[in-house]
Structures are given as C-alpha cells and as structure tokens.
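One structure is given here, and the rest of the page talks about it.
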Amino acid sequence: MLITNAHLITWGVPNEILHDQALLISGKKIVEFGPSFELVAKYPDETQLDAAGQYVMPGNIDAHGHYYSAFAVGMSIPGEAPITLPTILHKLWWPFDKALGEEEVRYSALIGAIDAIKHGTTTLFDHHSSPNCIDGVLDIIAEVIESAGIRSALCFEVTDRDGPERTQAGIAENSRFINRCSQDQVADGRVAANFGIHAPMTVSEETLSQCRSAVPAGTGFHLHVGEHEYDQIRSIAMAGTRSVDRLKNHEILGGKSILAHAIHLDAREVNLIAETNSWVSHQPRNNQNAADGIAEVESYLRAGVRVCLGNDGLSNTMWREAEAAYFLQKIKHRDGRRLPGDQLLQMAVNNNAALASAYYPEAPLGVIEPGAYADLIFVDYKPATPLTAENITGHYVFGFNESMITTTIVAGEVLMKDRQLLTLDESEIKAKSRELAPSLWARYEELVPPDHVLG
C-alpha cells in the first residue's frame, strides 16, 4: 500500500515534519517514504490510499489501562459517595470486578477497542481483574484484540483479597498466558503478555515470591504502586519496608516492568525505579478523579525514571491525557513553566514508544522510519498558524483533538477509514452492551458492602 499526499510527523529523535510525502507499506512495516511525486512514479502499481493533505503520524500508545471499566460508565454507587482510593476500591471497583462474567469481559474489551480505534490509540497495556472469571480470561480478551486488529499487552491482576484459591488461579492464568505468547503468535503477534499484580498493599510477601517464581527472569510485571498512601502503610505493616523496596527485594522491578501511578514514593524508591530501568505510568485524569494526589513526574524524569502516560481505564483519548498532565503540574506548583513541552513529549510520545517497542521487539513502534511497524493515524488538522518541529507542543496540547482522527492503521491493516470502522460493528456491539449492563449493575449492587462496614 502506498499512502500519498500526506504531511508526515515522524516522532523520531529529532522529530521531523515533512510535507507532501508518500509512505510505502509492505506487510506490517514501513518500507520507505519520500516526496509523493517520486514514490508514485517509483511504485505505479501499488494500491494507493490518499491522505488528502492530512497529517499522518504514529498511532498513540496507552501505557496503563483497564478494558473492564467500560461498563462502569453511568453506573450508580449505592449509599454515600466514596471519598478516597481505599473506599473507592472497596465500594466501587472490587465488587464491580467480582460481578464480571465472560460476556461482560468480552464486550468491555470490544468497547475499549472501538474507543481506541476511533481515537487513534493503536497499542494498549491492559491490566485485567475479574475474580469470578479467571481461568482462560486472557484468551477471551486476546480474541477481541485479534478481531479488532489493535495491539495490546495483557495481564491478570494477582491479589490476596479474594482468598488463596483465587490468588493461585491468578498466578496460573498469568503464567499460562505468558507461556502461550512466548510459544505462539497470538493474534498474529499483536498480543503480548506481562505478569499482573494488583498492588503491594494487597499481596503478601509469600505471594510476591510466588509471582516471581512463576515466570522466567526478565518477564515484565504490571502493577499499581503508591497510588495512595495506604499502599505504603500496608506494605510497611506486612513487610516492614516500603512498596518499591519490596518489589526490588522480590526482583519484580526491571526493564519491562510497569509501575502505574507511583505517586506516594520517597526519594530512595524513585532511585530504585531508575536504577532498575523500570517504567512509571502516569494517569493524571484518574488521579484527579480519585483524588489520589499528583505524581512528581518532573523529578522522576530528572532522576532518570522512564515516565510514560496511561489512562487508567478512562477514554482512550491520549491527547486529552497529555493535556491533563501538562496543566496539572502547572497548577500544582502554581508555575506556568512547569512540565515544559519537551518533557511532556518525552513521556507521552518517546517513552510510550520505547515501552511498546520493548514488548514488540521485532520492529520499532511509535515512529515513522523504514523498518518500523506501520501503526499510523490520519489527522484532519488544518492549523491556523505554522506547524513546525520547534512549536509542535503548542499544537499537540492546544490544537490536536481526537475528533480529527479519520483513519487508523495497525500493522499495515486499515482498521478505520474516513471515520468508518472496518473490523468491528459498533452499533451491534453497543446494543449488546446495553443489554448486558443492567444485570451486571444489579450483581454489583448486591456485592457492595454497606457504608457502616467501610467505616
């Protein structure tokens, strides 16, 4: 396929903006790009996809999300509104997770995939929980990824909160699926795996040891860390040390491990993350929604931590997440200079691309260059001011909007063209989802503990 009449944003280092370009795709990868008139003459027999003067750039990447949260939109929480994360977990997410069955898991992943394709998010790192639907559940999500055509790294969160049998089942599901992904090309190589853990605050020392022993060294882990002070309080109570220290002691940190949130850390924990080359995923919208606090991402970057950007199960609109990150540091410090544009792009673009490439090592992701995966989006953006490599942050934050995304391509396959989904039937999926939601909500309400139990 030859994409023609495009303005390319390469997101390389350094980033380039190239006008009136064509881009040749063969199989899953980018082969060549250059002036449109040259490549059209060079490859006259190639099928052409006319970008019609739109910007063409790598698809966005989500470093931490939850497909299963899709059915929570519009759901009522009985009794008093929860105040902080521990209450939110006990009153909302933990009973909600328990209410999920196979069909809800399948359709929540389908809804997430639709949302991702329409909004230009081509790679997602998902962190799944469904305590009453564990065995084989990652295969269900993988089937959705295959039908949708997006790219996703999957795991199941291990926790002790639902009893030892479910702890062991979660460990087994992660181990099984990691082995499957290492032996098979699941969903034509678009699905990867890491080992999911809920958070240090809900796993014992013994469970952490079992998680580490369940998979070979070098396997990446994906878990919440320091999202709330309670994570540190519980870690010190269980193990006599802080959350990140526990992970280091169990060899869970490392070059493919993702620590989501990482808000309530001390200086030594930050240095441990940097020293082990682990990743931190920042979710500013949900941190505001849950009143978790604000991660010191500028300090983390200064310390050498590889900070990425996720969405924690909110909409797969990563430009909105970047905008939130940009503004949040400024209001926290009451200083408009905070989180300058180069640091925002380092997190949201370069680091997210590097994380995704670590899980899909056959070719680079998140960049337009020969040999990179052809994961691309077309953006119908007609700026009123010049757009250059030097001022792109201003357009990225104040100009780009997910409604401008018209075409989404993953591994050379067109998943959406001119805003029309090609791999999924949105109307049918949403209709079925509306049928499933009431019974799920009813099961959830039966599982919510009374307010007096929560204290």
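Labeling convention for the structure tokens: chains A, B, ... as they appear, residues from 1 per chain, ligands from 1 in order of appearance.
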DSSP-assigned alpha helix (DSSP H) members of stretch 59-213 of chain A, reported as a PyMOL selection string: chain A and resi 85-88+94-99+102-118+137-148+164-183+205-213
Strand (DSSP E or B) residues, from DSSP on the backbone, in stretch 83-323 of chain A, as a ChimeraX atom specification: /A:121-126,128,151-154,156,158,191-193,195-197,221-225,258-261,279-282,306-309
For atom CA of A:Asn351 and atom CA of A:Lys118, the interatomic separation in Å (one decimal):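 We find that atom CA of A:Asn351 and atom CA of A:Lys118 lie 22.8 Å from each other.
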Who sits within 9 Å of stretch 35-50 of chain A, only C-alpha atoms, same chain under 4 positions skipped, as a VMD selection string: chain A and resid 1 to 6 18 to 24
Nearby residues (only C-alpha atoms) at most 10 Å from A:Leu314, same-chain spacing under 3 positions excluded, as an NGL selection string: :A and (65-67 or 69-70 or 73 or 112 or 283 or 285-286 or 310-311 or 317-318 or 321)
Closest of A:His333, A:Val56, A:Asp97, A:Ile83 to A:Val448 - atom-to-atom distances counting only C-alpha atoms: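 So, comparing all the options, the nearest one is A:Asp97.
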Nearest to A:Glu323, chosen from A:Ser243, A:Tyr396, A:Ser278, A:Ala353, with only C-alpha atoms counted in the distances: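 For A:Glu323, the nearest of the candidates is A:Tyr396.
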If you take only C-alpha atoms and a cut-off of 8 Å, which residues of stretch 174-261 of chain A touch stretch 292-297 of chain A, and what are their nearest atom pairs and distances in Å to one decimal, in chain and number order, as a tab-separated table?
```
residue	atom	partner	partner_atom	distance
A:Glu227	CA	A:Asp292	CA	6.3
A:His228	CA	A:Asp292	CA	5.8
A:His261	CA	A:Ala295	CA	7.1
```
Counting only C-alpha atoms, the option among A:Ser76, A:Asn287, A:Ser439, A:Thr123 closest to A:Leu365: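 Of A:Ser76, A:Asn287, A:Ser439, A:Thr123, the one nearest A:Leu365 is A:Thr123, counting only C-alpha atoms.
Between atom CA of A:Ile178 and atom CA of A:Val215 the interatomic distance comes to 8.0 Å.
Taking atom CA of A:Ile88 as the reference point, atom CA of A:Ala290 is found at 7.7 Å.
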Among the residues A:Gly27, A:Gly240, A:Gly336, A:Pro200, the one that comes closest to A:His224 [using only C-alpha atoms]: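 Of all the options, A:Pro200 lies closest to A:His224.
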Given only C-alpha atoms as the counted atoms, nearest of A:Met75, A:Leu376, A:Cys155, A:Ala411 to A:Ala51: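 Closest to A:Ala51, using only C-alpha atoms: A:Leu376.
Candidate residues A:Thr122, A:Ser427, A:Ser108, A:Thr219 were compared for distance to A:Glu413, and the nearest is A:Thr122, using only C-alpha atoms.
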